[in-house]
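Visitor: Contents are JSON, C-alpha atoms; file name protein24.json:
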```
[["chain", "number", "residue", "atom", "x", "y", "z"],
["A", 1, "PHE", "CA", -29.32, 65.79, -86.69],
["A", 2, "PRO", "CA", -29.25, 65.21, -90.43],
["A", 3, "ARG", "CA", -30.27, 61.84, -91.75],
["A", 4, "VAL", "CA", -27.14, 60.08, -93.02],
["A", 5, "LEU", "CA", -27.31, 57.22, -95.48],
["A", 6, "ILE", "CA", -24.18, 55.29, -96.34],
["A", 7, "ASP", "CA", -24.20, 53.07, -99.41],
["A", 8, "GLY", "CA", -21.48, 51.61, -101.49],
["A", 9, "PRO", "CA", -18.99, 50.96, -102.57],
["A", 10, "TYR", "CA", -19.53, 52.65, -105.90],
["A", 11, "GLY", "CA", -17.15, 53.47, -108.74],
["A", 12, "ALA", "CA", -14.90, 56.48, -108.61],
["A", 13, "PRO", "CA", -15.44, 58.41, -105.38],
["A", 14, "ALA", "CA", -14.22, 61.56, -107.09],
["A", 15, "GLN", "CA", -16.86, 61.49, -109.78],
["A", 16, "ASP", "CA", -19.33, 64.10, -108.56],
["A", 17, "TYR", "CA", -17.70, 65.95, -105.69],
["A", 18, "LYS", "CA", -17.51, 69.25, -107.65],
["A", 19, "LYS", "CA", -21.30, 69.52, -107.56],
["A", 20, "TYR", "CA", -21.31, 70.04, -103.79],
["A", 21, "GLU", "CA", -20.63, 73.26, -101.91],
["A", 22, "VAL", "CA", -19.25, 71.42, -98.89],
["A", 23, "VAL", "CA", -17.41, 68.11, -99.10],
["A", 24, "LEU", "CA", -16.78, 65.69, -96.23],
["A", 25, "LEU", "CA", -14.06, 63.20, -97.16],
["A", 26, "VAL", "CA", -13.27, 60.20, -94.96],
["A", 27, "GLY", "CA", -10.35, 57.94, -95.79],
["A", 28, "LEU", "CA", -9.32, 54.87, -93.82],
["A", 29, "GLY", "CA", -5.71, 53.71, -94.13],
["A", 30, "ILE", "CA", -4.59, 53.38, -97.74],
["A", 31, "GLY", "CA", -8.23, 54.04, -98.72],
["A", 32, "ALA", "CA", -7.38, 57.72, -98.31],
["A", 33, "THR", "CA", -5.63, 57.72, -101.70],
["A", 34, "PRO", "CA", -8.57, 58.88, -103.86],
["A", 35, "PHE", "CA", -9.48, 61.52, -101.30],
["A", 36, "ILE", "CA", -5.94, 62.93, -101.29],
["A", 37, "SER", "CA", -6.40, 63.41, -105.04],
["A", 38, "ILE", "CA", -9.68, 65.22, -104.43],
["A", 39, "VAL", "CA", -8.04, 67.49, -101.86],
["A", 40, "LYS", "CA", -5.30, 68.40, -104.35],
["A", 41, "ASP", "CA", -7.88, 68.97, -107.08],
["A", 42, "ILE", "CA", -9.87, 71.31, -104.82],
["A", 43, "ILE", "CA", -6.73, 73.37, -104.15],
["A", 44, "ASN", "CA", -5.93, 73.51, -107.88],
["A", 45, "ASN", "CA", -9.51, 74.52, -108.82],
["A", 46, "ILE", "CA", -9.60, 77.24, -106.19],
["A", 47, "LYS", "CA", -6.25, 78.62, -107.38],
["A", 48, "ALA", "CA", -7.49, 78.65, -110.99],
["A", 49, "ARG", "CA", -10.74, 80.36, -109.97],
["A", 50, "ASP", "CA", -8.85, 83.00, -107.96],
["A", 51, "GLU", "CA", -6.43, 83.67, -110.83],
["A", 52, "GLU", "CA", -9.36, 84.04, -113.24],
["A", 53, "ASP", "CA", -11.08, 86.46, -110.86],
["A", 54, "GLU", "CA", -7.90, 88.53, -110.57],
["A", 55, "GLU", "CA", -7.55, 88.67, -114.37],
["A", 56, "MET", "CA", -11.15, 89.85, -114.70],
["A", 57, "GLU", "CA", -10.62, 92.55, -112.05],
["A", 58, "ARG", "CA", -7.52, 93.83, -113.84],
["A", 59, "GLY", "CA", -9.25, 93.65, -117.21],
["A", 60, "ASP", "CA", -6.63, 91.11, -118.27],
["A", 61, "GLY", "CA", -9.13, 88.66, -119.69],
["A", 62, "GLY", "CA", -7.57, 89.14, -123.12],
["A", 63, "GLY", "CA", -10.99, 89.09, -124.73],
["A", 64, "LYS", "CA", -11.51, 85.50, -123.56],
["A", 65, "PRO", "CA", -15.01, 84.70, -122.42],
["A", 66, "ARG", "CA", -15.28, 83.77, -118.75],
["A", 67, "ARG", "CA", -15.09, 80.04, -118.34],
["A", 68, "ARG", "CA", -18.27, 78.50, -116.90],
["A", 69, "SER", "CA", -17.01, 76.20, -114.21],
["A", 70, "THR", "CA", -18.95, 73.33, -112.70],
["A", 71, "PHE", "CA", -16.74, 73.58, -109.63],
["A", 72, "MET", "CA", -18.99, 74.52, -106.70],
["A", 73, "THR", "CA", -16.90, 73.39, -103.71],
["A", 74, "SER", "CA", -16.16, 76.20, -101.27],
["A", 75, "ARG", "CA", -15.31, 74.13, -98.17],
["A", 76, "ALA", "CA", -13.84, 70.67, -97.59],
["A", 77, "TYR", "CA", -13.23, 68.53, -94.53],
["A", 78, "PHE", "CA", -10.80, 65.62, -94.81],
["A", 79, "TYR", "CA", -10.64, 62.99, -92.07],
["A", 80, "TRP", "CA", -7.89, 60.41, -92.40],
["A", 81, "VAL", "CA", -8.16, 57.56, -89.91],
["A", 82, "THR", "CA", -5.37, 55.02, -89.75],
["A", 83, "ARG", "CA", -4.05, 52.52, -87.25],
["A", 84, "GLU", "CA", -0.36, 52.85, -88.00],
["A", 85, "GLN", "CA", 1.66, 55.98, -87.37],
["A", 86, "GLY", "CA", 3.88, 55.11, -90.35],
["A", 87, "SER", "CA", 0.92, 55.45, -92.72],
["A", 88, "PHE", "CA", 1.15, 59.22, -92.40],
["A", 89, "ASP", "CA", 4.44, 59.08, -94.32],
["A", 90, "TRP", "CA", 2.57, 58.01, -97.48],
["A", 91, "PHE", "CA", 1.11, 61.45, -98.08],
["A", 92, "LYS", "CA", 3.35, 63.61, -95.91],
["A", 93, "GLY", "CA", 4.38, 65.86, -98.80],
["A", 94, "VAL", "CA", 0.83, 66.35, -100.02],
["A", 95, "MET", "CA", -0.50, 67.15, -96.55],
["A", 96, "ASN", "CA", 2.21, 69.78, -96.02],
["A", 97, "GLU", "CA", 1.60, 71.22, -99.49],
["A", 98, "VAL", "CA", -2.12, 71.54, -98.84],
["A", 99, "ALA", "CA", -1.57, 73.06, -95.38],
["A", 100, "GLU", "CA", 0.84, 75.64, -96.84],
["A", 101, "SER", "CA", -1.04, 76.51, -100.04],
["A", 102, "ASP", "CA", -4.54, 76.74, -98.54],
["A", 103, "GLN", "CA", -4.28, 80.40, -97.53],
["A", 104, "ASN", "CA", -8.04, 80.89, -97.26],
["A", 105, "GLY", "CA", -8.65, 77.90, -94.99],
["A", 106, "VAL", "CA", -10.91, 76.12, -97.47],
["A", 107, "ILE", "CA", -9.73, 72.64, -96.52],
["A", 108, "GLU", "CA", -9.76, 71.43, -92.93],
["A", 109, "LEU", "CA", -7.43, 68.45, -92.45],
["A", 110, "HIS", "CA", -7.75, 65.93, -89.60],
["A", 111, "ASN", "CA", -5.45, 62.96, -88.97],
["A", 112, "TYR", "CA", -6.47, 60.23, -86.52],
["A", 113, "CYS", "CA", -4.19, 57.48, -85.24],
["A", 114, "THR", "CA", -6.32, 54.74, -83.70],
["A", 115, "SER", "CA", -3.47, 52.75, -82.14],
["A", 116, "VAL", "CA", -3.05, 55.40, -79.41],
["A", 117, "TYR", "CA", -5.48, 55.82, -76.53],
["A", 118, "GLU", "CA", -7.95, 58.67, -76.94],
["A", 119, "GLU", "CA", -7.08, 62.20, -75.93],
["A", 120, "GLY", "CA", -7.73, 62.78, -72.25],
["A", 121, "ASP", "CA", -6.76, 59.21, -71.33],
["A", 122, "ALA", "CA", -3.89, 59.12, -68.83],
["A", 123, "ARG", "CA", -2.08, 56.52, -70.98],
["A", 124, "SER", "CA", -1.77, 59.00, -73.87],
["A", 125, "ALA", "CA", -1.15, 62.15, -71.80],
["A", 126, "LEU", "CA", 2.64, 62.23, -72.31],
["A", 127, "ILE", "CA", 2.51, 61.86, -76.11],
["A", 128, "ALA", "CA", -0.26, 64.47, -76.27],
["A", 129, "MET", "CA", 1.80, 66.92, -74.20],
["A", 130, "LEU", "CA", 4.93, 66.38, -76.31],
["A", 131, "GLN", "CA", 2.85, 66.75, -79.45],
["A", 132, "GLN", "CA", 1.36, 70.07, -78.33],
["A", 133, "LEU", "CA", 4.75, 71.48, -77.33],
["A", 134, "ASN", "CA", 6.42, 70.48, -80.58],
["A", 135, "HIS", "CA", 3.52, 71.74, -82.71],
["A", 136, "ALA", "CA", 3.52, 75.10, -80.90],
["A", 137, "LYS", "CA", 7.30, 75.47, -81.16],
["A", 138, "ASN", "CA", 8.01, 74.07, -84.64],
["A", 139, "GLY", "CA", 4.60, 73.90, -86.35],
["A", 140, "VAL", "CA", 5.10, 70.19, -87.00],
["A", 141, "ASP", "CA", 3.19, 67.26, -85.54],
["A", 142, "VAL", "CA", 5.42, 64.62, -83.89],
["A", 143, "VAL", "CA", 3.13, 61.75, -84.86],
["A", 144, "SER", "CA", 2.55, 62.47, -88.56],
["A", 145, "GLY", "CA", 5.58, 64.66, -89.24],
["A", 146, "THR", "CA", 3.31, 67.16, -91.03],
["A", 147, "ARG", "CA", 1.75, 70.53, -90.25],
["A", 148, "VAL", "CA", -1.54, 68.68, -89.64],
["A", 149, "LYS", "CA", -2.16, 67.85, -85.97],
["A", 150, "THR", "CA", -2.86, 64.19, -85.29],
["A", 151, "HIS", "CA", -5.70, 63.25, -82.96],
["A", 152, "PHE", "CA", -5.80, 59.96, -81.08],
["A", 153, "ALA", "CA", -8.40, 57.19, -81.17],
["A", 154, "LYS", "CA", -11.39, 57.37, -83.53],
["A", 155, "PRO", "CA", -13.20, 60.58, -84.44],
["A", 156, "ASN", "CA", -16.41, 61.36, -82.59],
["A", 157, "TRP", "CA", -18.56, 61.21, -85.71],
["A", 158, "ARG", "CA", -21.62, 62.51, -83.94],
["A", 159, "SER", "CA", -19.84, 65.77, -83.08],
["A", 160, "VAL", "CA", -18.22, 65.95, -86.55],
["A", 161, "PHE", "CA", -21.59, 65.68, -88.29],
["A", 162, "LYS", "CA", -23.20, 68.10, -85.85],
["A", 163, "ARG", "CA", -20.48, 70.73, -86.33],
["A", 164, "ILE", "CA", -20.63, 70.50, -90.12],
["A", 165, "THR", "CA", -24.43, 70.63, -90.05],
["A", 166, "LEU", "CA", -24.45, 73.72, -87.83],
["A", 167, "ASN", "CA", -21.77, 75.49, -89.90],
["A", 168, "HIS", "CA", -23.43, 74.76, -93.25],
["A", 169, "ARG", "CA", -27.18, 74.81, -92.65],
["A", 170, "ASP", "CA", -28.14, 75.85, -96.16],
["A", 171, "SER", "CA", -25.44, 74.02, -98.12],
["A", 172, "ARG", "CA", -25.33, 70.74, -99.96],
["A", 173, "VAL", "CA", -22.82, 68.49, -98.17]]
```
Output the file's structure in the form of structure tokens.
Guide:
Amino acid sequence: FPRVLIDGPYGAPAQDYKKYEVVLLVGLGIGATPFISIVKDIINNIKARDEEDEEMERGDGGGKPRRRSTFMTSRAYFYWVTREQGSFDWFKGVMNEVAESDQNGVIELHNYCTSVYEEGDARSALIAMLQQLNHAKNGVDVVSGTRVKTHFAKPNWRSVFKRITLNHRDSRV
């Protein structure tokens, strides 16, 4: 497993994220606000980069020199952990916008509601079943009201870190 050091808090969390190929963003409750901004910025930067690439392919550059971007992010994982189901309403529009506009699957979104028993627990089986049925039928999560499926309890950080490590062996995360 990779060695993980957690320090902080430091100034703006968004300061240097563009220097990394892979970004792991973790927001807790209202603390997700700066990370929502990062997620939107990643989408906007990727759109701008794709448009620029298309212009260059068509020869539509208009004589403009290619912009040297410092944007290196090619993959992002966003984990939002909150206790209250109502918290998901704060960024409902943004989450749906990201889910719809991220055609290339660059950003992986995960919502976690910690006030519900973990998945697999008999006490949460009914809500999990209803959630799966509604998501399959309508594409909307019953807990968050977004296209992003909500998981219950806390994330298994060990498996999250392991999966990201295995998927991005030679990348800066």
Visitor: Excluding Glu100 in chain A and residues on its chain fewer than 3 positions from it, collect all residues at most 12 Å away from it, counting all atoms listed in the file, and give them as a PyMOL selection string.
Guide: chain A and resi 43+93-97+103-107+109+139+146-148
Visitor: Just the number, please: distance in Å from CA of Val142 in chain A to CA of Met129 in chain A, one decimal.
Guide: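 Going from CA of Val142 in chain A over to CA of Met129 in chain A, I get 10.6 Å.
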Visitor: Would you work out the distance separating CA of Ala32 in chain A from CA of Leu126 in chain A, expressed in Å to one decimal?
Guide: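 Answer for the CA of Ala32 in chain A to CA of Leu126 in chain A separation: 28.2 Å.
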